[in-house]
Amino acid sequence: MQPLIDNARTFGQRPEEFARLAEGQSPDVLFITCSDSRVVPALITGARPGELFELRTAGNIVPPHALEHPTSEAATIEYAVEVLGVKDIVVCGHSHCGAVGAVVRGDDLAAVPAVRDWLAHAAEEPKCEDPADPTVAEAVQNHVLAQVLRLRSYPCIERRLAEGRLGLHAWFYEVHTGTVRQHHAETDTFETL
């Protein structure tokens with residue numbers, strides 16, 4: 001913890017770098033990814049403060065849209081699209097994902113009931129030929145595509161897509177190599193950016 005505290009003490013000693021941030025935010029991209037500490041959107045994309053609006057959830061899950069049961073995730077998505085007017089949404093899954101791995105392996109999650117219930121409620125089991133693969137790459141890639149499809153059911157996204165004012169992107173980040181792959185619909189494959 002001490003290195004984090006030491007950095008926080010010196011972080012604010014460059015006020016000229018941060019003054020413009022007080023004027024507001026206007027990010028072009030909503031970046032939806034996992035809460036995993038190995039996934040750092042600004043590091044992956046090179047984004048500076050104010051350039052990405054982030055939504056981080058266990059397993060980069062986008063819950064089903066349901067007005068009668070609003071979620072923090074749905075509120076974040078709606079705010080990004082309707083208020084901030086983001087032009088693109090990236091759903092970025094990653095290799096070695098504990099959440100997706102637990103789903104495809106059928107892990108016993110009794111000791112973490114909130115995690116178990118979140119995964120059961122929000123994620124369908126993704127297709128995976130080899131659940132023993134520690135990278136769970138195939139499962140995560142299929143899971144990312146399912147989340148992008150789920151985003152399309154959000155009314156604000158459906159409308160912006162119909163107007164041609166929003167792009168949806170499916171990414172897969174390899175934590176062990178740093179490689180980022182994007183899904184290409186024409187070939188139905190994830191290819192290196």
# chains A, B, ... in the order shown; residues from 1 in each chain; ligands from 1
call {"tool": "residues_around", "arguments": {"residues": "range 134-137 of chain A", "least_positions_apart": "4", "cutoff": "12 Å", "atoms": "only C-alpha atoms", "output": "PyMOL selection string"}}
result
chain A and resi 93-105+126-130+141-144+171-177+181+190
call {"tool": "select_by_dssp", "arguments": {"residues": "chain A", "states": "helix (DSSP H, G or I)", "output": "PyMOL selection string"}}
result
chain A and resi 2-11+15-23+41-45+58-60+72-83+98-105+113-122+137-151+155-162
call {"tool": "residues_around", "arguments": {"residues": "Ala58 in chain A", "least_positions_apart": "4", "cutoff": "8 Å", "atoms": "only C-alpha atoms", "output": "VMD selection string"}}
result
chain A and resid 34 to 36 99 115
call {"tool": "write_last_selection", "arguments": {"atoms": "N, CA, C and O atoms", "output": "PDB file, in the first residue's frame"}}
result
ATOM      1  N   CYS A  34     -13.245  -5.804 -17.633  1.00  0.00           N
ATOM      2  CA  CYS A  34     -13.271  -6.535 -16.376  1.00  0.00           C
ATOM      3  C   CYS A  34     -12.626  -5.719 -15.256  1.00  0.00           C
ATOM      4  O   CYS A  34     -11.778  -4.859 -15.497  1.00  0.00           O
ATOM      5  N   SER A  35     -13.006  -6.032 -14.041  1.00  0.00           N
ATOM      6  CA  SER A  35     -12.406  -5.399 -12.868  1.00  0.00           C
ATOM      7  C   SER A  35     -11.011  -5.916 -12.568  1.00  0.00           C
ATOM      8  O   SER A  35     -10.329  -5.388 -11.686  1.00  0.00           O
ATOM      9  N   ASP A  36     -10.570  -6.914 -13.283  1.00  0.00           N
ATOM     10  CA  ASP A  36      -9.267  -7.549 -13.066  1.00  0.00           C
ATOM     11  C   ASP A  36      -8.155  -6.496 -13.023  1.00  0.00           C
ATOM     12  O   ASP A  36      -8.057  -5.651 -13.915  1.00  0.00           O
ATOM     13  N   ALA A  99     -13.652 -14.825 -13.880  1.00  0.00           N
ATOM     14  CA  ALA A  99     -15.114 -14.909 -13.947  1.00  0.00           C
ATOM     15  C   ALA A  99     -15.554 -15.849 -15.061  1.00  0.00           C
ATOM     16  O   ALA A  99     -16.356 -16.765 -14.840  1.00  0.00           O
ATOM     17  N   VAL A 115     -20.680 -13.096  -6.097  1.00  0.00           N
ATOM     18  CA  VAL A 115     -20.051 -13.398  -7.384  1.00  0.00           C
ATOM     19  C   VAL A 115     -20.866 -14.477  -8.102  1.00  0.00           C
ATOM     20  O   VAL A 115     -21.190 -14.351  -9.288  1.00  0.00           O
TER      21      VAL A 115
END
call {"tool": "closest_residue", "arguments": {"among": "A:Ala8, A:Ile157, A:Leu67, A:Ala19", "to": "Asp88 in chain A", "atoms": "only C-alpha atoms"}}
result
A:Ile157
call {"tool": "closest_residue", "arguments": {"among": "A:Arg150, A:Arg116, A:Arg48, A:Arg20", "to": "Ala74 in chain A", "atoms": "only C-alpha atoms"}}
result
A:Arg150
call {"tool": "atom_distance", "arguments": {"atom1": "CA of Ala170 in chain A", "atom2": "CA of Leu55 in chain A"}}
result
14.5 Å
call {"tool": "decode", "arguments": {"residues": "range 23-39 of chain A", "atoms": "all heavy atoms", "output": "CSV table (one decimal), in the first residue's frame"}}
result
chain,number,residue,atom,x,y,z
A,23,GLU,N,-13.0,21.6,-16.1
A,23,GLU,CA,-14.0,22.1,-17.0
A,23,GLU,C,-15.0,21.1,-17.5
A,23,GLU,O,-16.0,21.5,-18.1
A,23,GLU,CB,-13.3,22.7,-18.3
A,23,GLU,CG,-12.3,23.9,-17.9
A,23,GLU,CD,-11.4,24.2,-19.1
A,23,GLU,OE1,-11.6,23.8,-20.2
A,23,GLU,OE2,-10.4,25.0,-18.8
A,24,GLY,N,-14.8,19.9,-17.2
A,24,GLY,CA,-15.7,18.8,-17.6
A,24,GLY,C,-15.1,17.7,-18.4
A,24,GLY,O,-13.9,17.7,-18.6
A,25,GLN,N,-15.9,16.8,-18.9
A,25,GLN,CA,-15.4,15.7,-19.6
A,25,GLN,C,-16.1,15.5,-20.9
A,25,GLN,O,-17.3,15.8,-21.0
A,25,GLN,CB,-15.4,14.4,-18.8
A,25,GLN,CG,-16.9,14.0,-18.4
A,25,GLN,CD,-16.9,12.6,-17.7
A,25,GLN,OE1,-16.1,11.7,-18.0
A,25,GLN,NE2,-17.8,12.4,-16.8
A,26,SER,N,-15.4,15.0,-21.9
A,26,SER,CA,-16.1,14.8,-23.2
A,26,SER,C,-15.4,13.6,-23.9
A,26,SER,O,-14.8,13.7,-25.0
A,26,SER,CB,-16.1,16.0,-24.1
A,26,SER,OG,-14.7,16.5,-24.3
A,27,PRO,N,-15.4,12.4,-23.2
A,27,PRO,CA,-14.7,11.3,-23.8
A,27,PRO,C,-15.5,10.8,-25.1
A,27,PRO,O,-16.7,11.0,-25.2
A,27,PRO,CB,-14.8,10.2,-22.7
A,27,PRO,CG,-16.0,10.6,-21.9
A,27,PRO,CD,-16.0,12.1,-22.0
A,28,ASP,N,-14.8,10.3,-26.0
A,28,ASP,CA,-15.4,9.7,-27.2
A,28,ASP,C,-15.7,8.2,-27.1
A,28,ASP,O,-16.4,7.7,-27.9
A,28,ASP,CB,-14.4,9.9,-28.5
A,28,ASP,CG,-14.4,11.4,-28.9
A,28,ASP,OD1,-15.4,12.1,-28.7
A,28,ASP,OD2,-13.3,11.8,-29.4
A,29,VAL,N,-15.1,7.6,-26.1
A,29,VAL,CA,-15.2,6.1,-26.0
A,29,VAL,C,-15.7,5.7,-24.6
A,29,VAL,O,-15.1,6.2,-23.6
A,29,VAL,CB,-13.9,5.5,-26.3
A,29,VAL,CG1,-13.9,4.0,-26.2
A,29,VAL,CG2,-13.4,5.8,-27.7
A,30,LEU,N,-16.6,4.8,-24.6
A,30,LEU,CA,-17.0,4.1,-23.4
A,30,LEU,C,-16.2,2.7,-23.5
A,30,LEU,O,-16.4,2.0,-24.4
A,30,LEU,CB,-18.5,3.8,-23.3
A,30,LEU,CG,-18.9,2.8,-22.2
A,30,LEU,CD1,-18.5,3.2,-20.8
A,30,LEU,CD2,-20.4,2.6,-22.3
A,31,PHE,N,-15.4,2.5,-22.5
A,31,PHE,CA,-14.6,1.2,-22.5
A,31,PHE,C,-15.1,0.3,-21.4
A,31,PHE,O,-15.0,0.6,-20.2
A,31,PHE,CB,-13.1,1.6,-22.2
A,31,PHE,CG,-12.1,0.6,-22.6
A,31,PHE,CD1,-11.5,0.6,-23.9
A,31,PHE,CD2,-11.7,-0.4,-21.7
A,31,PHE,CE1,-10.6,-0.3,-24.2
A,31,PHE,CE2,-10.8,-1.4,-22.1
A,31,PHE,CZ,-10.2,-1.3,-23.3
A,32,ILE,N,-15.7,-0.8,-21.7
A,32,ILE,CA,-16.3,-1.7,-20.8
A,32,ILE,C,-15.3,-2.9,-20.7
A,32,ILE,O,-15.0,-3.5,-21.7
A,32,ILE,CB,-17.7,-2.2,-21.3
A,32,ILE,CG1,-18.6,-1.0,-21.4
A,32,ILE,CG2,-18.2,-3.3,-20.3
A,32,ILE,CD1,-20.0,-1.4,-22.0
A,33,THR,N,-14.8,-3.1,-19.5
A,33,THR,CA,-13.9,-4.2,-19.3
A,33,THR,C,-14.0,-4.8,-17.9
A,33,THR,O,-14.9,-4.4,-17.1
A,33,THR,CB,-12.4,-3.7,-19.5
A,33,THR,OG1,-11.6,-4.9,-19.7
A,33,THR,CG2,-11.9,-2.8,-18.4
A,34,CYS,N,-13.2,-5.8,-17.6
A,34,CYS,CA,-13.3,-6.5,-16.4
A,34,CYS,C,-12.6,-5.7,-15.3
A,34,CYS,O,-11.8,-4.9,-15.5
A,34,CYS,CB,-12.5,-7.9,-16.6
A,34,CYS,SG,-12.6,-9.0,-15.2
A,35,SER,N,-13.0,-6.0,-14.0
A,35,SER,CA,-12.4,-5.4,-12.9
A,35,SER,C,-11.0,-5.9,-12.6
A,35,SER,O,-10.3,-5.4,-11.7
A,35,SER,CB,-13.3,-5.6,-11.6
A,35,SER,OG,-14.6,-5.2,-11.9
A,36,ASP,N,-10.6,-6.9,-13.3
A,36,ASP,CA,-9.3,-7.5,-13.1
A,36,ASP,C,-8.2,-6.5,-13.0
A,36,ASP,O,-8.1,-5.7,-13.9
A,36,ASP,CB,-9.0,-8.5,-14.2
A,36,ASP,CG,-7.8,-9.5,-13.9
A,36,ASP,OD1,-6.7,-8.9,-13.8
A,36,ASP,OD2,-8.0,-10.7,-13.9
A,37,SER,N,-7.3,-6.6,-12.0
A,37,SER,CA,-6.2,-5.6,-11.8
A,37,SER,C,-5.2,-5.6,-12.9
A,37,SER,O,-4.4,-4.7,-13.1
A,37,SER,CB,-5.6,-5.8,-10.5
A,37,SER,OG,-4.9,-7.1,-10.4
A,38,ARG,N,-5.1,-6.7,-13.7
A,38,ARG,CA,-4.2,-6.8,-14.8
A,38,ARG,C,-4.6,-6.0,-16.1
A,38,ARG,O,-3.8,-5.9,-17.0
A,38,ARG,CB,-3.9,-8.2,-15.1
A,38,ARG,CG,-3.3,-9.0,-13.9
A,38,ARG,CD,-3.3,-10.5,-14.2
A,38,ARG,NE,-4.7,-11.0,-14.3
A,38,ARG,CZ,-5.0,-12.2,-14.5
A,38,ARG,NH1,-4.1,-13.1,-14.7
A,38,ARG,NH2,-6.3,-12.6,-14.6
A,39,VAL,N,-5.8,-5.6,-16.1
A,39,VAL,CA,-6.4,-4.9,-17.2
A,39,VAL,C,-6.5,-3.4,-16.9
A,39,VAL,O,-7.3,-3.0,-16.0
A,39,VAL,CB,-7.8,-5.5,-17.6
A,39,VAL,CG1,-8.4,-4.8,-18.8
A,39,VAL,CG2,-7.8,-7.0,-17.8
